[in-house]
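Raw start_23.txt, compact mmCIF, C-alpha atoms and all ligand atoms:
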# COMPACT_ATOMS: atom_id res chain seq x y z
CA MET A 1 -2.55 35.37 -19.51
CA SER A 2 1.05 34.83 -20.65
CA ALA A 3 2.17 31.66 -22.46
CA PHE A 4 4.12 30.69 -19.32
CA GLU A 5 1.07 31.03 -17.06
CA PHE A 6 -1.04 29.09 -19.54
CA THR A 7 1.53 26.27 -19.64
CA ILE A 8 1.66 26.06 -15.83
CA LEU A 9 -2.15 25.96 -15.63
CA ALA A 10 -2.32 23.30 -18.34
CA ILE A 11 0.26 21.16 -16.49
CA ILE A 12 -1.65 21.50 -13.18
CA PHE A 13 -4.89 20.60 -14.98
CA LEU A 14 -3.37 17.50 -16.61
CA ILE A 15 -1.80 16.34 -13.32
CA SER A 16 -5.14 16.76 -11.49
CA LEU A 17 -6.97 14.98 -14.30
CA SER A 18 -4.51 12.06 -14.16
CA ILE A 19 -4.93 11.74 -10.36
CA VAL A 20 -8.75 11.91 -10.56
CA TRP A 21 -8.85 9.41 -13.44
CA SER A 22 -6.57 6.95 -11.64
CA SER A 23 -8.55 7.32 -8.40
CA LEU A 24 -11.77 6.49 -10.24
CA ARG A 25 -10.04 3.47 -11.80
CA SER A 26 -8.50 2.12 -8.61
CA GLY A 27 -11.37 3.11 -6.28
CA ILE A 28 -9.22 5.18 -3.90
CA THR A 29 -7.33 8.48 -3.93
CA PRO A 30 -3.58 8.39 -3.23
CA VAL A 31 -4.01 9.84 0.26
CA PRO A 32 -0.96 8.79 2.31
CA SER A 33 -1.04 7.00 5.67
CA SER A 34 -0.81 9.48 8.54
CA ARG A 35 2.47 9.84 10.44
CA LYS A 36 0.93 7.94 13.40
CA ALA A 37 -0.26 5.13 11.12
CA ARG A 38 3.18 4.88 9.49
CA LYS A 39 4.90 4.72 12.88
CA THR A 40 2.48 2.05 14.11
CA ILE A 41 2.84 -0.02 10.93
CA LEU A 42 6.64 0.16 11.25
CA THR A 43 6.42 -1.05 14.87
CA ALA A 44 3.97 -3.85 13.99
CA SER A 45 6.20 -4.89 11.05
CA GLN A 46 8.93 -5.88 13.52
CA LYS A 47 6.90 -9.01 14.28
CA ALA A 48 7.11 -10.17 10.66
CA PRO A 49 9.76 -12.74 9.78
CA VAL A 50 12.78 -11.62 7.76
CA GLY A 51 12.00 -11.45 4.04
CA THR A 52 10.60 -9.32 1.25
CA ILE A 53 8.01 -6.66 2.10
CA ILE A 54 5.28 -5.78 -0.39
CA GLU A 55 3.23 -2.60 -0.28
CA LEU A 56 -0.05 -2.75 -2.20
CA GLY A 57 -0.87 0.73 -3.50
CA SER A 58 2.33 2.57 -2.59
CA GLY A 59 0.94 6.01 -3.52
CA TRP A 60 3.50 8.83 -3.17
CA GLY A 61 5.94 6.39 -1.59
CA ASN A 62 5.88 7.65 2.00
CA LEU A 63 5.33 4.26 3.62
CA ALA A 64 7.41 2.27 1.10
CA LEU A 65 10.37 4.62 1.62
CA ALA A 66 9.99 4.40 5.41
CA LEU A 67 9.92 0.58 5.24
CA ALA A 68 12.95 0.45 2.94
CA LYS A 69 14.91 2.71 5.31
CA GLU A 70 13.80 0.72 8.37
CA TYR A 71 14.91 -2.57 6.77
CA PRO A 72 17.88 -1.76 4.51
CA GLU A 73 18.78 -5.46 4.27
CA ARG A 74 15.33 -6.48 2.98
CA GLN A 75 13.74 -5.99 -0.43
CA VAL A 76 10.66 -3.74 -0.47
CA ILE A 77 8.34 -3.83 -3.49
CA GLY A 78 5.60 -1.28 -4.02
CA TYR A 79 2.78 -1.54 -6.56
CA GLU A 80 0.98 1.61 -7.63
CA LEU A 81 -1.48 2.27 -10.46
CA SER A 82 -1.61 6.06 -10.44
CA PRO A 83 1.16 7.50 -12.70
CA ILE A 84 1.79 10.84 -10.96
CA PRO A 85 2.14 9.52 -7.37
CA TRP A 86 4.22 6.65 -8.75
CA LEU A 87 6.54 9.10 -10.61
CA VAL A 88 6.93 11.21 -7.47
CA SER A 89 7.74 8.11 -5.40
CA VAL A 90 10.38 7.00 -7.92
CA ALA A 91 11.89 10.51 -7.92
CA LEU A 92 12.03 10.50 -4.09
CA GLN A 93 13.60 7.05 -4.11
CA ARG A 94 16.30 8.07 -6.62
CA PHE A 95 16.91 11.37 -4.83
CA GLN A 96 17.40 9.56 -1.52
CA GLY A 97 19.47 6.80 -3.15
CA ILE A 98 17.41 3.96 -1.70
CA MET A 99 18.54 0.77 -3.40
CA ASN A 100 16.40 -1.91 -1.70
CA LEU A 101 13.09 -0.51 -2.99
CA THR A 102 11.42 -1.43 -6.28
CA LEU A 103 8.40 0.66 -7.27
CA ARG A 104 6.27 -0.99 -9.95
CA ARG A 105 3.53 0.86 -11.81
CA GLN A 106 1.24 -2.16 -11.87
CA ASN A 107 -2.17 -3.30 -10.77
CA PHE A 108 -1.39 -5.64 -7.89
CA LEU A 109 -4.64 -7.50 -8.52
CA SER A 110 -3.34 -8.78 -11.86
CA THR A 111 0.16 -9.56 -10.57
CA GLU A 112 1.45 -12.74 -9.01
CA PHE A 113 2.86 -11.79 -5.61
CA PRO A 114 6.47 -12.83 -5.06
CA GLU A 115 7.33 -14.81 -1.93
CA ALA A 116 7.18 -12.30 0.92
CA ALA A 117 7.32 -12.04 4.68
CA LEU A 118 4.90 -9.13 4.87
CA ILE A 119 2.24 -7.30 2.89
CA VAL A 120 1.19 -3.81 3.97
CA CYS A 121 -1.72 -1.85 2.53
CA TYR A 122 -4.04 1.09 2.97
CA LEU A 123 -6.87 0.51 0.52
CA TYR A 124 -10.67 0.68 0.77
CA PRO A 125 -13.40 -1.90 1.56
CA GLY A 126 -13.87 -3.06 -2.06
CA GLY A 127 -10.09 -3.33 -2.51
CA MET A 128 -9.80 -5.43 0.64
CA GLU A 129 -12.50 -7.77 -0.66
CA LYS A 130 -10.62 -8.22 -3.94
CA LEU A 131 -7.38 -8.75 -2.03
CA ALA A 132 -8.97 -11.38 0.24
CA GLU A 133 -10.29 -13.19 -2.85
CA LYS A 134 -6.85 -13.07 -4.48
CA ILE A 135 -5.12 -14.44 -1.37
CA TRP A 136 -7.75 -17.16 -1.03
CA ARG A 137 -7.49 -18.14 -4.70
CA GLU A 138 -3.74 -17.85 -5.32
CA LYS A 139 -2.36 -18.74 -1.87
CA PRO A 140 0.74 -16.53 -2.21
CA ASP A 141 3.72 -17.39 -0.04
CA VAL A 142 3.20 -14.49 2.39
CA LYS A 143 3.44 -14.72 6.17
CA MET A 144 1.83 -11.56 7.51
CA LEU A 145 -0.44 -8.74 6.42
CA ILE A 146 -0.86 -5.30 8.00
CA SER A 147 -3.75 -3.15 6.81
CA ASN A 148 -4.33 0.47 7.67
CA THR A 149 -8.01 1.24 8.51
CA PHE A 150 -9.71 -1.48 6.45
CA ALA A 151 -10.12 -5.10 7.54
CA LEU A 152 -9.83 -8.19 5.37
CA PRO A 153 -13.43 -9.39 5.07
CA GLY A 154 -14.28 -12.80 6.43
CA THR A 155 -11.27 -13.24 8.69
CA GLU A 156 -10.34 -12.28 12.25
CA PRO A 157 -7.23 -10.15 12.72
CA ASP A 158 -4.62 -11.48 15.14
CA GLN A 159 -4.24 -7.96 16.48
CA THR A 160 -6.10 -4.67 16.10
CA ILE A 161 -4.16 -1.59 17.12
CA ARG A 162 -6.11 1.65 17.61
CA LEU A 163 -4.33 4.85 16.63
CA ASP A 164 -4.42 7.79 18.99
CA ASP A 165 -6.23 9.95 16.41
CA LEU A 166 -9.67 11.50 16.04
CA TYR A 167 -11.22 8.32 14.60
CA ARG A 168 -9.22 5.83 16.69
CA SER A 169 -8.31 4.38 13.29
CA PRO A 170 -7.57 0.65 13.37
CA ILE A 171 -4.42 -1.02 12.10
CA TYR A 172 -5.16 -4.70 11.48
CA VAL A 173 -2.46 -7.35 11.76
CA TYR A 174 -3.02 -10.80 10.24
CA ARG A 175 -0.75 -13.79 10.36
CA LEU A 176 -1.31 -15.94 7.31
CA LYS A 177 -1.19 -19.56 8.39
CA ASP A 178 0.07 -21.92 5.66
CA ASN A 179 0.03 -18.88 3.33
CA GLN A 180 -3.69 -18.59 3.78
CA ILE A 181 -6.20 -16.43 5.60
CA SER A 182 -8.64 -18.24 7.83
CA ARG A 183 -11.97 -17.64 6.17
CA ASN A 184 -15.05 -17.26 8.38
CA GLU A 185 -17.99 -16.16 6.26
CA MET A 186 -16.74 -15.57 2.71
C1 LIG A 201 -4.93 5.38 0.33
S1 LIG A 201 -3.57 5.30 -0.80
C2 LIG A 201 -2.30 4.67 0.28
C3 LIG A 201 -0.91 5.10 -0.14
C4 LIG A 201 0.19 4.45 0.70
N1 LIG A 201 0.02 3.02 0.73
C5 LIG A 201 0.24 4.96 2.11
O1 LIG A 201 -0.22 4.23 3.00
O2 LIG A 201 0.72 6.07 2.34
C6 LIG A 201 -4.02 3.86 -1.77
C7 LIG A 201 -3.23 3.73 -3.05
O3 LIG A 201 -3.51 2.44 -3.59
C8 LIG A 201 -3.48 2.55 -5.00
N2 LIG A 201 -4.19 1.39 -5.53
C9 LIG A 201 -5.48 1.02 -5.29
N3 LIG A 201 -5.79 -0.12 -5.94
C10 LIG A 201 -4.65 -0.49 -6.60
C11 LIG A 201 -4.31 -1.60 -7.43
N4 LIG A 201 -5.22 -2.56 -7.71
N5 LIG A 201 -3.06 -1.69 -7.92
C12 LIG A 201 -2.13 -0.74 -7.61
N6 LIG A 201 -2.38 0.34 -6.84
C13 LIG A 201 -3.63 0.46 -6.33
C14 LIG A 201 -4.17 3.90 -5.27
O4 LIG A 201 -3.82 4.39 -6.54
C15 LIG A 201 -3.63 4.74 -4.12
O5 LIG A 201 -2.49 5.46 -4.50
Just dump the structure as structure tokens.
Amino acid sequence: MSAFEFTILAIIFLISLSIVWSSLRSGITPVPSSRKARKTILTASQKAPVGTIIELGSGWGNLALALAKEYPERQVIGYELSPIPWLVSVALQRFQGIMNLTLRRQNFLSTEFPEAALIVCYLYPGGMEKLAEKIWREKPDVKMLISNTFALPGTEPDQTIRLDDLYRSPIYVYRLKDNQISRNEM
């Protein structure tokens, strides 16, 4: 094996290790929303009032970039823990010259959410539980939440949209009344 081949293999190994390590830490791999899910989330987002949009776990940036392009006059903020997907998303943002998007490499669970019209996310059941607890505890000034696939525990969505895919994957839409989720059984 040449030094060049060894270097390439070492880089691939380190990148994979970083992604696996971050996935174990956050509880979810950085798998992006499908094209259908992205399109549906963009359509559902039109019902949100004008204001900042937050994406929790922005991964490789696909959805955050789509939201920033859809709403060039609004601020979009993405939070992502995993360094490699975050770096790729920042590179894509710079390459495409998108100015209304801020990508933060931060754990959204230990961050105070700014005032926002809309939160979007594609997490996992445990992440949704932690998010519901955070919203309940901190009462952030957020008007609407759209979640791909996973529901907020203990609260009824205002709308559930089924994707035309193999799993009829749900997209949940919640309106947060008085900056709060209505809590049924938590
Ligand atoms: C399934 S991916 C979704 C990516 C993107 N939102 C999309 O829909 O295409 C979930 C992402 O959330 C990130 N994540 C999970 N928990 C997080 C946390 N507490 N803070 C920041 N990022 C988190 C993961 O690293 C992962 O990249």
Looking at A:Ile28, A:Leu42, A:Ala117, A:Ala3, which one is nearest to Glu70 of chain A, with distances taken over only C-alpha atoms?
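Among the listed residues, A:Leu42 lies closest to Glu70 of chain A.
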Between atom CA of Arg25 of chain A and atom CA of Ser169 of chain A, what is the spacing in Å?
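Separating atom CA of Ser169 of chain A from atom CA of Arg25 of chain A is a distance of 25.2 Å.
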Show me the residues around (-6.3, -2.7, 10.5) - criterion: an atom at most 6 Å away, only C-alpha atoms counted - as a ChimeraX atom specification.
/A:147-151,160,170-172
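Proximity to ligand LIG 201 (chain A) was assessed for A:Val90, A:Leu17, A:Cys121, A:Ile146 counting all atoms listed in the file; the smallest distance is recorded for A:Cys121.
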Write out as a PyMOL selection string each polymer residue (protein, DNA or RNA) that has an atom no more than 8 Å from ligand LIG 201 (chain A), with all atoms listed in the file counted.
chain A and resi 22-23+26-34+38+55-64+79-82+85+105-110+120-124+127+148
Selected residue, from A:Ile19, A:Met1, A:Ile135, A:Ala68, that lies nearest to Thr52 of chain A when counting all atoms listed in the file
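Checking each of A:Ile19, A:Met1, A:Ile135, A:Ala68 against Thr52 of chain A, counting all atoms listed in the file, the winner is A:Ala68.
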Students should find that atom CA of Leu118 of chain A and atom CA of Leu87 of chain A are spaced 24.0 Å
Could you tell me how far atom CA of Arg175 of chain A sits from atom CA of Lys130 of chain A, in Å to one decimal place?
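Separation of atom CA of Lys130 of chain A and atom CA of Arg175 of chain A: 18.2 Å.
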Give me the residues near Lys143 of chain A as a PyMOL selection string, where near means some atom within 8 Å (using only C-alpha atoms) and where sequence neighbours in that chain fewer than 2 positions away do not count.
chain A and resi 48-49+116-118+141+145+175-179
Residues just named, written with C-alpha atoms as a PDB file, in the frame of the given file:
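result-v2.pdb, freshly written:
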ATOM      1  CA  ALA A  48       7.110 -10.170  10.660  1.00  0.00           C
ATOM      2  CA  PRO A  49       9.760 -12.740   9.780  1.00  0.00           C
ATOM      3  CA  ALA A 116       7.180 -12.300   0.920  1.00  0.00           C
ATOM      4  CA  ALA A 117       7.320 -12.040   4.680  1.00  0.00           C
ATOM      5  CA  LEU A 118       4.900  -9.130   4.870  1.00  0.00           C
ATOM      6  CA  ASP A 141       3.720 -17.390  -0.040  1.00  0.00           C
ATOM      7  CA  LEU A 145      -0.440  -8.740   6.420  1.00  0.00           C
ATOM      8  CA  ARG A 175      -0.750 -13.790  10.360  1.00  0.00           C
ATOM      9  CA  LEU A 176      -1.310 -15.940   7.310  1.00  0.00           C
ATOM     10  CA  LYS A 177      -1.190 -19.560   8.390  1.00  0.00           C
ATOM     11  CA  ASP A 178       0.070 -21.920   5.660  1.00  0.00           C
ATOM     12  CA  ASN A 179       0.030 -18.880   3.330  1.00  0.00           C
TER      13      ASN A 179
END
Considering all atoms listed in the file, can you say which of A:Glu133, A:Glu5, A:Glu73, A:Glu115 comes closest to Leu152 of chain A?
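For Leu152 of chain A, the nearest of the candidates is A:Glu133.
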Let me make sure I understand: among A:Gln96, A:Gln75, A:Thr40, A:Thr111, which one has the smallest atom-to-atom distance to Asp164 of chain A if we use only C-alpha atoms?
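Residue with the minimum atom-to-atom distance to Asp164 of chain A: A:Thr40.
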My list of candidates is A:Ala10, A:Lys134, A:Ser45, A:Leu101. Which is closest to Val173 of chain A when distances are computed with all atoms listed in the file?
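Ranked by minimum distance to Val173 of chain A, first place goes to A:Ser45.
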